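Heads up, my_file25.pdb below (PDB, C-alpha atoms):
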```
ATOM      1  CA  MET A 883     -74.574  -6.287 -77.906
ATOM      2  CA  THR A 884     -77.458  -6.740 -75.500
ATOM      3  CA  GLY A 885     -79.303  -3.575 -74.625
ATOM      4  CA  LYS A 886     -78.218  -2.776 -71.105
ATOM      5  CA  ILE A 887     -79.543   0.642 -70.139
ATOM      6  CA  PHE A 888     -77.650   2.861 -67.713
ATOM      7  CA  PRO A 889     -79.933   5.651 -66.503
ATOM      8  CA  THR A 890     -76.999   7.823 -65.348
ATOM      9  CA  ALA A 891     -73.337   8.247 -66.230
ATOM     10  CA  GLN A 892     -72.523   7.038 -62.720
ATOM     11  CA  ASP A 893     -74.392   3.780 -63.396
ATOM     12  CA  ALA A 894     -72.270   3.286 -66.516
ATOM     13  CA  GLU A 895     -69.111   4.043 -64.531
ATOM     14  CA  ASN A 896     -70.074   1.545 -61.813
ATOM     15  CA  ALA A 897     -70.699  -1.125 -64.472
ATOM     16  CA  PHE A 898     -67.336  -0.357 -66.094
ATOM     17  CA  TYR A 899     -65.380  -0.979 -62.896
ATOM     18  CA  GLU A 900     -67.498  -4.016 -61.961
ATOM     19  CA  ALA A 901     -66.799  -5.581 -65.361
ATOM     20  CA  LEU A 902     -63.116  -4.762 -64.938
ATOM     21  CA  GLU A 903     -63.002  -6.478 -61.522
ATOM     22  CA  ARG A 904     -64.846  -9.545 -62.860
ATOM     23  CA  SER A 905     -62.787  -9.740 -66.099
ATOM     24  CA  ASP A 906     -66.198  -9.757 -67.804
ATOM     25  CA  LEU A 907     -65.674  -8.907 -71.468
ATOM     26  CA  GLU A 908     -69.370  -8.784 -72.422
ATOM     27  CA  GLY A 909     -70.156  -6.683 -69.359
ATOM     28  CA  MET A 910     -67.280  -4.354 -70.260
ATOM     29  CA  MET A 911     -68.350  -3.936 -73.879
ATOM     30  CA  ALA A 912     -71.985  -3.356 -72.840
ATOM     31  CA  VAL A 913     -70.784  -0.165 -71.134
ATOM     32  CA  TRP A 914     -69.247   1.298 -74.301
ATOM     33  CA  ALA A 915     -71.209   3.206 -76.917
ATOM     34  CA  GLU A 916     -71.757   1.312 -80.162
ATOM     35  CA  ASP A 917     -69.774   3.905 -82.027
ATOM     36  CA  GLU A 918     -66.610   3.876 -84.079
ATOM     37  CA  ASP A 919     -65.456   7.090 -82.352
ATOM     38  CA  ILE A 920     -64.926   5.478 -78.948
ATOM     39  CA  VAL A 921     -61.402   6.032 -77.577
ATOM     40  CA  CYS A 922     -59.509   3.936 -75.019
ATOM     41  CA  VAL A 923     -56.016   4.613 -73.663
ATOM     42  CA  HIS A 924     -54.709   1.996 -71.242
ATOM     43  CA  PRO A 925     -51.943   3.233 -68.903
ATOM     44  CA  GLY A 926     -48.769   3.596 -70.947
ATOM     45  CA  GLY A 927     -50.509   2.341 -74.057
ATOM     46  CA  PRO A 928     -51.386   3.779 -77.454
ATOM     47  CA  ARG A 929     -54.749   5.276 -78.294
ATOM     48  CA  LEU A 930     -57.243   2.669 -79.435
ATOM     49  CA  THR A 931     -60.325   3.677 -81.418
ATOM     50  CA  GLY A 932     -63.478   1.849 -82.413
ATOM     51  CA  GLN A 933     -65.232  -1.261 -81.126
ATOM     52  CA  ASP A 934     -62.780  -3.800 -82.568
ATOM     53  CA  GLN A 935     -59.588  -2.308 -81.117
ATOM     54  CA  VAL A 936     -61.207  -1.612 -77.747
ATOM     55  CA  ARG A 937     -62.796  -5.068 -77.410
ATOM     56  CA  GLU A 938     -59.598  -6.803 -78.458
ATOM     57  CA  SER A 939     -57.569  -4.881 -75.847
ATOM     58  CA  TRP A 940     -59.909  -5.815 -73.000
ATOM     59  CA  ALA A 941     -60.002  -9.435 -74.189
ATOM     60  CA  ARG A 942     -56.204  -9.480 -73.985
ATOM     61  CA  ILE A 943     -56.171  -7.867 -70.531
ATOM     62  CA  PHE A 944     -58.808 -10.242 -69.151
ATOM     63  CA  ALA A 945     -57.135 -13.316 -70.724
ATOM     64  CA  ALA A 946     -53.876 -12.371 -68.962
ATOM     65  CA  GLY A 947     -55.782 -13.134 -65.753
ATOM     66  CA  GLY A 948     -54.966 -11.730 -62.331
ATOM     67  CA  ARG A 949     -58.011 -10.865 -60.305
ATOM     68  CA  ALA A 950     -57.909  -7.309 -59.053
ATOM     69  CA  ARG A 951     -60.083  -5.141 -56.864
ATOM     70  CA  VAL A 952     -60.381  -1.508 -57.798
ATOM     71  CA  HIS A 953     -61.442   1.244 -55.454
ATOM     72  CA  ILE A 954     -62.372   4.561 -57.034
ATOM     73  CA  SER A 955     -61.510   7.763 -55.227
ATOM     74  CA  GLN A 956     -61.261  11.520 -55.682
ATOM     75  CA  GLN A 957     -63.878  11.764 -58.376
ATOM     76  CA  VAL A 958     -64.341  15.120 -60.081
ATOM     77  CA  ALA A 959     -67.519  15.014 -62.199
ATOM     78  CA  ILE A 960     -68.762  17.570 -64.699
ATOM     79  CA  SER A 961     -71.912  16.810 -66.617
ATOM     80  CA  ALA A 962     -74.030  18.462 -69.257
ATOM     81  CA  MET A 963     -77.133  17.282 -71.045
ATOM     82  CA  MET A 964     -75.501  14.834 -73.459
ATOM     83  CA  LEU A 965     -71.987  14.344 -72.131
ATOM     84  CA  ALA A 966     -70.493  13.709 -68.707
ATOM     85  CA  VAL A 967     -66.811  13.751 -67.773
ATOM     86  CA  HIS A 968     -65.475  11.982 -64.702
ATOM     87  CA  SER A 969     -61.896  12.195 -63.515
ATOM     88  CA  VAL A 970     -61.096   9.468 -60.987
ATOM     89  CA  HIS A 971     -58.223   7.760 -59.246
ATOM     90  CA  GLU A 972     -58.255   3.978 -59.705
ATOM     91  CA  ASN A 973     -56.652   2.199 -56.757
ATOM     92  CA  PHE A 974     -55.899  -1.414 -57.653
ATOM     93  CA  THR A 975     -55.300  -4.215 -55.196
ATOM     94  CA  VAL A 976     -54.055  -7.332 -56.961
ATOM     95  CA  GLU A 977     -54.488 -10.805 -55.486
ATOM     96  CA  GLY A 978     -51.193 -12.123 -54.166
ATOM     97  CA  GLU A 979     -49.660  -8.648 -53.833
ATOM     98  CA  ALA A 980     -49.144  -7.271 -50.337
ATOM     99  CA  ARG A 981     -49.727  -3.588 -51.148
ATOM    100  CA  PRO A 982     -52.083  -1.667 -53.347
ATOM    101  CA  ARG A 983     -50.476  -0.457 -56.563
ATOM    102  CA  ALA A 984     -49.777   3.198 -57.300
ATOM    103  CA  PRO A 985     -53.003   4.802 -58.456
ATOM    104  CA  ILE A 986     -54.055   5.227 -62.065
ATOM    105  CA  VAL A 987     -55.660   8.543 -62.970
ATOM    106  CA  ALA A 988     -58.495   8.076 -65.442
ATOM    107  CA  THR A 989     -60.592  10.439 -67.511
ATOM    108  CA  ASN A 990     -63.920   8.797 -68.387
ATOM    109  CA  VAL A 991     -66.354  10.459 -70.780
ATOM    110  CA  TYR A 992     -69.963   9.263 -71.066
ATOM    111  CA  LEU A 993     -72.462  10.019 -73.822
ATOM    112  CA  ARG A 994     -76.234   9.995 -73.393
ATOM    113  CA  THR A 995     -77.501   7.750 -76.167
ATOM    114  CA  ALA A 996     -80.972   6.473 -77.014
ATOM    115  CA  ALA A 997     -79.980   3.438 -74.930
ATOM    116  CA  GLY A 998     -78.924   5.374 -71.823
ATOM    117  CA  TRP A 999     -75.458   6.570 -70.862
ATOM    118  CA  ARG A1000     -72.490   4.849 -72.489
ATOM    119  CA  LEU A1001     -68.742   5.234 -72.193
ATOM    120  CA  ILE A1002     -67.042   6.926 -75.146
ATOM    121  CA  VAL A1003     -63.582   7.768 -73.771
ATOM    122  CA  HIS A1004     -61.487   5.994 -71.144
ATOM    123  CA  HIS A1005     -57.998   7.453 -70.740
ATOM    124  CA  GLY A1006     -55.813   6.042 -67.975
ATOM    125  CA  SER A1007     -52.235   6.825 -66.988
ATOM    126  CA  PRO A1008     -50.046   6.069 -63.966
ATOM    127  CA  ALA A1009     -50.382   8.804 -61.339
ATOM    128  CA  PRO A1010     -47.499   9.242 -58.923
ATOM    129  CA  GLY A1011     -49.036   9.271 -55.450
ATOM    130  CA  THR A1012     -49.954  12.740 -54.244
ATOM    131  CA  ALA A1013     -52.005  14.062 -51.389
ATOM    132  CA  GLU A1014     -54.990  15.926 -52.733
ATOM    133  CA  PRO A1015     -57.844  17.596 -50.896
ATOM    134  CA  PRO A1016     -61.206  15.850 -51.227
ATOM    135  CA  PRO A1017     -62.998  16.999 -54.389
ATOM    136  CA  PRO A1018     -66.021  19.281 -54.317
ATOM    137  CA  PRO A1019     -69.451  17.736 -54.927
ATOM    138  CA  PRO A1020     -70.409  16.966 -58.553
ATOM    139  CA  LYS A1021     -71.448  19.908 -60.664
ATOM    140  CA  ILE A1022     -74.467  19.741 -62.918
ATOM    141  CA  LEU A1023     -74.806  22.074 -65.904
ATOM    142  CA  HIS A1024     -78.242  22.645 -67.347
TER     143      HIS A1024
ATOM    144  CA  MET B 227     -57.861  36.851 -66.289
ATOM    145  CA  THR B 228     -58.657  38.873 -69.386
ATOM    146  CA  GLY B 229     -61.815  37.889 -71.167
ATOM    147  CA  LYS B 230     -60.639  36.100 -74.264
ATOM    148  CA  ILE B 231     -63.632  34.561 -76.037
ATOM    149  CA  PHE B 232     -63.294  31.366 -78.053
ATOM    150  CA  PRO B 233     -66.358  30.915 -80.258
ATOM    151  CA  THR B 234     -65.712  27.185 -80.740
ATOM    152  CA  ALA B 235     -63.967  24.396 -78.850
ATOM    153  CA  GLN B 236     -61.533  24.178 -81.758
ATOM    154  CA  ASP B 237     -60.591  27.839 -81.250
ATOM    155  CA  ALA B 238     -59.842  27.078 -77.606
ATOM    156  CA  GLU B 239     -57.775  24.049 -78.629
ATOM    157  CA  ASN B 240     -55.796  26.091 -81.153
ATOM    158  CA  ALA B 241     -55.083  28.731 -78.482
ATOM    159  CA  PHE B 242     -53.991  26.014 -76.040
ATOM    160  CA  TYR B 243     -51.341  24.634 -78.386
ATOM    161  CA  GLU B 244     -50.234  28.103 -79.523
ATOM    162  CA  ALA B 245     -49.703  29.136 -75.883
ATOM    163  CA  LEU B 246     -47.818  25.896 -75.290
ATOM    164  CA  GLU B 247     -45.490  26.541 -78.247
ATOM    165  CA  ARG B 248     -44.862  30.145 -77.135
ATOM    166  CA  SER B 249     -44.406  29.230 -73.428
ATOM    167  CA  ASP B 250     -47.061  31.904 -72.857
ATOM    168  CA  LEU B 251     -48.444  31.433 -69.340
ATOM    169  CA  GLU B 252     -51.163  34.097 -69.565
ATOM    170  CA  GLY B 253     -52.234  32.820 -72.981
ATOM    171  CA  MET B 254     -52.347  29.293 -71.560
ATOM    172  CA  MET B 255     -54.413  30.239 -68.523
ATOM    173  CA  ALA B 256     -56.814  32.291 -70.675
ATOM    174  CA  VAL B 257     -57.813  29.018 -72.337
ATOM    175  CA  TRP B 258     -58.835  27.325 -69.070
ATOM    176  CA  ALA B 259     -62.239  27.756 -67.453
ATOM    177  CA  GLU B 260     -62.200  29.868 -64.301
ATOM    178  CA  ASP B 261     -63.353  26.915 -62.296
ATOM    179  CA  GLU B 262     -61.960  24.949 -59.387
ATOM    180  CA  ASP B 263     -62.996  21.688 -61.097
ATOM    181  CA  ILE B 264     -60.488  21.972 -63.944
ATOM    182  CA  VAL B 265     -58.237  18.911 -64.239
ATOM    183  CA  CYS B 266     -54.773  18.664 -65.801
ATOM    184  CA  VAL B 267     -52.646  15.519 -66.121
ATOM    185  CA  HIS B 268     -49.220  16.068 -67.683
ATOM    186  CA  PRO B 269     -47.645  12.940 -69.219
ATOM    187  CA  GLY B 270     -46.504  10.694 -66.380
ATOM    188  CA  GLY B 271     -47.664  13.217 -63.805
ATOM    189  CA  PRO B 272     -50.265  13.298 -61.056
ATOM    190  CA  ARG B 273     -53.726  14.774 -61.472
ATOM    191  CA  LEU B 274     -53.773  18.498 -60.789
ATOM    192  CA  THR B 275     -57.032  20.251 -59.985
ATOM    193  CA  GLY B 276     -58.026  23.895 -59.747
ATOM    194  CA  GLN B 277     -56.548  27.114 -61.085
ATOM    195  CA  ASP B 278     -53.606  27.298 -58.651
ATOM    196  CA  GLN B 279     -52.216  23.810 -59.252
ATOM    197  CA  VAL B 280     -52.724  24.047 -63.005
ATOM    198  CA  ARG B 281     -51.163  27.529 -63.350
ATOM    199  CA  GLU B 282     -48.224  26.559 -61.168
ATOM    200  CA  SER B 283     -47.524  23.457 -63.272
ATOM    201  CA  TRP B 284     -47.477  25.398 -66.548
ATOM    202  CA  ALA B 285     -45.303  28.113 -64.979
ATOM    203  CA  ARG B 286     -42.804  25.414 -64.026
ATOM    204  CA  ILE B 287     -42.901  23.808 -67.480
ATOM    205  CA  PHE B 288     -42.454  27.154 -69.264
ATOM    206  CA  ALA B 289     -39.677  28.266 -66.883
ATOM    207  CA  ALA B 290     -37.759  25.082 -67.685
ATOM    208  CA  GLY B 291     -37.442  26.525 -71.194
ATOM    209  CA  GLY B 292     -36.911  24.540 -74.369
ATOM    210  CA  ARG B 293     -38.841  25.845 -77.331
ATOM    211  CA  ALA B 294     -40.937  23.146 -78.929
ATOM    212  CA  ARG B 295     -43.185  22.926 -81.940
ATOM    213  CA  VAL B 296     -46.249  20.765 -81.619
ATOM    214  CA  HIS B 297     -48.175  19.313 -84.518
ATOM    215  CA  ILE B 298     -51.610  17.897 -83.756
ATOM    216  CA  SER B 299     -52.801  14.831 -85.623
ATOM    217  CA  GLN B 300     -55.470  12.148 -85.613
ATOM    218  CA  GLN B 301     -58.102  14.185 -83.881
ATOM    219  CA  VAL B 302     -61.308  12.442 -82.840
ATOM    220  CA  ALA B 303     -63.885  15.049 -81.774
ATOM    221  CA  ILE B 304     -67.248  14.514 -80.134
ATOM    222  CA  SER B 305     -69.280  17.526 -79.171
ATOM    223  CA  ALA B 306     -72.592  18.247 -77.535
ATOM    224  CA  MET B 307     -74.267  21.504 -76.620
ATOM    225  CA  MET B 308     -72.209  22.326 -73.536
ATOM    226  CA  LEU B 309     -69.228  19.992 -73.662
ATOM    227  CA  ALA B 310     -66.801  18.926 -76.364
ATOM    228  CA  VAL B 311     -64.220  16.156 -76.140
ATOM    229  CA  HIS B 312     -61.189  16.006 -78.402
ATOM    230  CA  SER B 313     -58.720  13.148 -78.477
ATOM    231  CA  VAL B 314     -55.506  14.124 -80.263
ATOM    232  CA  HIS B 315     -51.950  13.019 -80.824
ATOM    233  CA  GLU B 316     -49.404  15.710 -79.895
ATOM    234  CA  ASN B 317     -46.240  15.395 -81.970
ATOM    235  CA  PHE B 318     -43.440  17.470 -80.428
ATOM    236  CA  THR B 319     -40.322  18.639 -82.190
ATOM    237  CA  VAL B 320     -37.851  20.133 -79.730
ATOM    238  CA  GLU B 321     -35.193  22.643 -80.803
ATOM    239  CA  GLY B 322     -31.766  21.022 -80.851
ATOM    240  CA  GLU B 323     -33.169  17.511 -81.182
ATOM    241  CA  ALA B 324     -32.780  15.754 -84.520
ATOM    242  CA  ARG B 325     -36.004  13.724 -84.416
ATOM    243  CA  PRO B 326     -39.552  14.363 -83.299
ATOM    244  CA  ARG B 327     -40.364  12.821 -79.935
ATOM    245  CA  ALA B 328     -42.753   9.889 -79.519
ATOM    246  CA  PRO B 329     -46.306  11.235 -79.603
ATOM    247  CA  ILE B 330     -48.356  12.166 -76.566
ATOM    248  CA  VAL B 331     -52.011  11.150 -76.638
ATOM    249  CA  ALA B 332     -54.208  13.824 -75.090
ATOM    250  CA  THR B 333     -57.848  13.959 -74.078
ATOM    251  CA  ASN B 334     -59.039  17.580 -74.049
ATOM    252  CA  VAL B 335     -62.482  18.492 -72.734
ATOM    253  CA  TYR B 336     -64.007  21.925 -73.405
ATOM    254  CA  LEU B 337     -66.963  23.548 -71.661
ATOM    255  CA  ARG B 338     -69.203  26.181 -73.193
ATOM    256  CA  THR B 339     -69.242  29.009 -70.660
ATOM    257  CA  ALA B 340     -70.789  32.467 -70.738
ATOM    258  CA  ALA B 341     -67.367  33.585 -72.017
ATOM    259  CA  GLY B 342     -67.143  31.088 -74.865
ATOM    260  CA  TRP B 343     -65.503  27.664 -74.902
ATOM    261  CA  ARG B 344     -62.889  26.946 -72.250
ATOM    262  CA  LEU B 345     -60.690  23.971 -71.442
ATOM    263  CA  ILE B 346     -61.702  21.989 -68.364
ATOM    264  CA  VAL B 347     -59.714  18.758 -68.728
ATOM    265  CA  HIS B 348     -56.327  18.139 -70.349
ATOM    266  CA  HIS B 349     -55.050  14.592 -69.871
ATOM    267  CA  GLY B 350     -51.818  13.633 -71.633
ATOM    268  CA  SER B 351     -49.811  10.421 -71.575
ATOM    269  CA  PRO B 352     -46.989   8.976 -73.675
ATOM    270  CA  ALA B 353     -48.355   6.981 -76.610
ATOM    271  CA  PRO B 354     -46.119   4.308 -78.104
ATOM    272  CA  GLY B 355     -46.085   4.938 -81.856
ATOM    273  CA  THR B 356     -48.791   3.085 -83.725
ATOM    274  CA  ALA B 357     -50.163   3.270 -87.219
ATOM    275  CA  GLU B 358     -53.801   4.307 -87.119
ATOM    276  CA  PRO B 359     -56.231   4.975 -89.941
ATOM    277  CA  PRO B 360     -57.211   8.627 -90.399
ATOM    278  CA  PRO B 361     -60.104   9.533 -88.072
ATOM    279  CA  PRO B 362     -63.632  10.085 -89.349
ATOM    280  CA  PRO B 363     -64.906  13.666 -89.586
ATOM    281  CA  PRO B 364     -66.046  15.323 -86.329
ATOM    282  CA  LYS B 365     -69.437  14.295 -85.030
ATOM    283  CA  ILE B 366     -71.926  16.841 -83.788
ATOM    284  CA  LEU B 367     -74.704  15.901 -81.371
ATOM    285  CA  HIS B 368     -77.712  18.142 -81.098
TER     286      HIS B 368
END
```

I need this file expressed as structure tokens, please.
Amino acid sequence: MTGKIFPTAQDAENAFYEALERSDLEGMMAVWAEDEDIVCVHPGGPRLTGQDQVRESWARIFAAGGRARVHISQQVAISAMMLAVHSVHENFTVEGEARPRAPIVATNVYLRTAAGWRLIVHHGSPAPGTAEPPPPPPKILH
Amino acid sequence: MTGKIFPTAQDAENAFYEALERSDLEGMMAVWAEDEDIVCVHPGGPRLTGQDQVRESWARIFAAGGRARVHISQQVAISAMMLAVHSVHENFTVEGEARPRAPIVATNVYLRTAAGWRLIVHHGSPAPGTAEPPPPPPKILH
């Protein structure tokens, strides 16, 4: 895996969603920590752990095609020295579909490694549409 | 909220599932951080944020009744100084039902506060049954 360095958890999160939009498997895997404890739960799917299961799942998703745009909203971010947790709504717009899909709620956890911030947990599930107030600004713990 | 102190994230997790089994609302809320950034996603449900939404959701769940036992398996735990992330399978057995239900995969995030470890994110979603190898031992980051 080439050594892409993300100076902040937000940089890693941006790269994650960019890779997802581009169906870019190498870009996607460059975001994940090189660690057998990584966890990925696709909406409605089982828990996948480790590089092999996670890579294989994204390869399958990207091979299925279907270009999508994803707009992230309602982020709640909590970060400490080594770990950062972002809760976001993923709002997908799929080419050829008139309306955006119902949002996915995702919990993303980033780890500060020697090679910058990397994703260690991505947990997504369908979120029935609800009106929520805008989230407060990110909180930093020192 | 009375000042229950959980010396480790695992203690907070144990208290969370004990409160869930007992339908104990005060015990449940004692596990959560007193923070408006807490996030709770029940399986198939929307993202709830803040004490009021989270408390109200558990009150509704507990009022609906139905005693359940929950057995936790396949934990993957990653912890740093201030934050700990546990991914677990929740295996529910409901009174009056012959078989255990399909597992729920949950991402639980704990924050070290002045009052010990508290839950800040609980994200659950239905996990189609899959055979997984036993997880490696917990990893501690210093």

Practice item. Please report as an MDAnalysis selection string which residues of chain A come no farther than 9 Å from chain B, using all atoms listed in the file. Key: chainID A and resid 918:921 923 925:931 958:967 969 971 986:989 991 1003 1005:1012 1014 1017:1018 1021 1023:1024

Revision key, fill the gap. Judged by all atoms listed in the file, the minimum distance to Ala328 (chain B) among B:Val296, B:Met255, B:Ala245, B:Ala340 is found for B:Val296

Practice item. Just the residues within 12 Å of Val257 (chain B), please, counting all atoms listed in the file, with nothing from its chain fewer than 2 positions along; format it as a ChimeraX atom specification. Key: /B:227-246,250-255,259-261,264,277,280-281,334-339,341-348

Practice item. Check the smallest atom-to-atom distance from each of A:Gly932, A:Glu903, A:Pro982, A:Glu972 to Gly947 (chain A) using all atoms listed in the file, then report the winner. Key: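 Smallest separation from Gly947 (chain A) among the options: A:Glu903.
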
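Taking CA of Gln300 (chain B) and CA of Gln279 (chain B) as the two end points, the separation is 29.0 Å.
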
Let me know the centre plus edge lengths, in Å and rounded to one decimal, of a box with edges along x, y and z that contains all listed atoms of region 993-999 of chain A and is padded by 5 Å on every side, as lines of an AutoDock Vina configuration file.
```
center_x = -76.7
center_y = 6.7
center_z = -73.9
size_x = 18.5
size_y = 16.6
size_z = 16.2
```

Review point. Could you write out as a ChimeraX atom specification the residues that the PyMOL selection byres ((chain B and resi 293) around 8) matches in the shown file?
Key: /B:247-249,291-292,294-295,320-321

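Taking CA of Glu323 (chain B) as the reference point, CA of Ser283 (chain B) is found at 23.7 Å.
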
**Study point:** Gap from CA of Ser955 (chain A) to CA of Trp940 (chain A) - Å, one decimal
**Key:**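 Separating CA of Ser955 (chain A) from CA of Trp940 (chain A) is a distance of 22.4 Å.
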
Could you write region 315-323 of chain B as an mmCIF file, in the coordinates of the input, with all heavy atoms rebuilt where they are missing?
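Contents of the output file rebuild-v1.cif:
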```cif
data_model
loop_
_atom_site.group_PDB
_atom_site.id
_atom_site.type_symbol
_atom_site.label_atom_id
_atom_site.label_comp_id
_atom_site.auth_asym_id
_atom_site.auth_seq_id
_atom_site.Cartn_x
_atom_site.Cartn_y
_atom_site.Cartn_z
ATOM 1 N N HIS B 315 -53.356 13.368 -80.999
ATOM 2 C CA HIS B 315 -51.950 13.019 -80.824
ATOM 3 C C HIS B 315 -51.132 14.304 -80.898
ATOM 4 O O HIS B 315 -51.280 15.070 -81.852
ATOM 5 C CB HIS B 315 -51.493 12.052 -81.911
ATOM 6 C CG HIS B 315 -51.812 10.634 -81.602
ATOM 7 N ND1 HIS B 315 -51.340 9.578 -82.327
ATOM 8 C CD2 HIS B 315 -52.564 10.099 -80.618
ATOM 9 C CE1 HIS B 315 -51.789 8.446 -81.815
ATOM 10 N NE2 HIS B 315 -52.532 8.731 -80.778
ATOM 11 N N GLU B 316 -50.297 14.546 -79.906
ATOM 12 C CA GLU B 316 -49.404 15.710 -79.895
ATOM 13 C C GLU B 316 -48.026 15.236 -80.333
ATOM 14 O O GLU B 316 -47.440 14.350 -79.703
ATOM 15 C CB GLU B 316 -49.307 16.297 -78.487
ATOM 16 C CG GLU B 316 -50.643 16.711 -77.898
ATOM 17 C CD GLU B 316 -50.556 17.101 -76.428
ATOM 18 O OE1 GLU B 316 -49.465 16.967 -75.844
ATOM 19 O OE2 GLU B 316 -51.590 17.526 -75.858
ATOM 20 N N ASN B 317 -47.533 15.824 -81.426
ATOM 21 C CA ASN B 317 -46.240 15.395 -81.970
ATOM 22 C C ASN B 317 -45.244 16.528 -81.774
ATOM 23 O O ASN B 317 -45.295 17.531 -82.482
ATOM 24 C CB ASN B 317 -46.406 15.057 -83.449
ATOM 25 C CG ASN B 317 -47.514 14.037 -83.669
ATOM 26 O OD1 ASN B 317 -47.320 12.851 -83.467
ATOM 27 N ND2 ASN B 317 -48.697 14.506 -84.049
ATOM 28 N N PHE B 318 -44.363 16.396 -80.803
ATOM 29 C CA PHE B 318 -43.440 17.470 -80.428
ATOM 30 C C PHE B 318 -42.119 17.369 -81.175
ATOM 31 O O PHE B 318 -41.547 16.284 -81.291
ATOM 32 C CB PHE B 318 -43.145 17.433 -78.927
ATOM 33 C CG PHE B 318 -44.271 17.954 -78.091
ATOM 34 C CD1 PHE B 318 -45.266 17.113 -77.635
ATOM 35 C CD2 PHE B 318 -44.345 19.305 -77.780
ATOM 36 C CE1 PHE B 318 -46.321 17.602 -76.868
ATOM 37 C CE2 PHE B 318 -45.386 19.801 -77.016
ATOM 38 C CZ PHE B 318 -46.372 18.949 -76.565
ATOM 39 N N THR B 319 -41.658 18.524 -81.627
ATOM 40 C CA THR B 319 -40.322 18.639 -82.190
ATOM 41 C C THR B 319 -39.603 19.655 -81.328
ATOM 42 O O THR B 319 -40.045 20.800 -81.222
ATOM 43 C CB THR B 319 -40.377 19.170 -83.634
ATOM 44 O OG1 THR B 319 -41.440 18.503 -84.319
ATOM 45 C CG2 THR B 319 -39.074 18.922 -84.354
ATOM 46 N N VAL B 320 -38.539 19.257 -80.672
ATOM 47 C CA VAL B 320 -37.851 20.133 -79.730
ATOM 48 C C VAL B 320 -36.584 20.675 -80.380
ATOM 49 O O VAL B 320 -35.839 19.915 -81.011
ATOM 50 C CB VAL B 320 -37.529 19.384 -78.419
ATOM 51 C CG1 VAL B 320 -36.786 20.283 -77.441
ATOM 52 C CG2 VAL B 320 -38.820 18.862 -77.797
ATOM 53 N N GLU B 321 -36.377 21.997 -80.236
ATOM 54 C CA GLU B 321 -35.193 22.643 -80.803
ATOM 55 C C GLU B 321 -33.934 21.942 -80.317
ATOM 56 O O GLU B 321 -33.778 21.691 -79.125
ATOM 57 C CB GLU B 321 -35.120 24.108 -80.346
ATOM 58 C CG GLU B 321 -35.308 25.076 -81.483
ATOM 59 C CD GLU B 321 -35.263 26.519 -80.993
ATOM 60 O OE1 GLU B 321 -34.489 26.810 -80.059
ATOM 61 O OE2 GLU B 321 -36.016 27.329 -81.552
ATOM 62 N N GLY B 322 -33.031 21.654 -81.232
ATOM 63 C CA GLY B 322 -31.766 21.022 -80.851
ATOM 64 C C GLY B 322 -31.843 19.504 -80.840
ATOM 65 O O GLY B 322 -30.849 18.840 -80.575
ATOM 66 N N GLU B 323 -33.036 18.966 -81.100
ATOM 67 C CA GLU B 323 -33.169 17.511 -81.182
ATOM 68 C C GLU B 323 -33.430 17.118 -82.634
ATOM 69 O O GLU B 323 -34.259 17.729 -83.308
ATOM 70 C CB GLU B 323 -34.305 17.006 -80.285
ATOM 71 C CG GLU B 323 -34.029 17.244 -78.804
ATOM 72 C CD GLU B 323 -35.115 16.681 -77.884
ATOM 73 O OE1 GLU B 323 -36.057 16.020 -78.379
ATOM 74 O OE2 GLU B 323 -35.004 16.912 -76.674
#
```
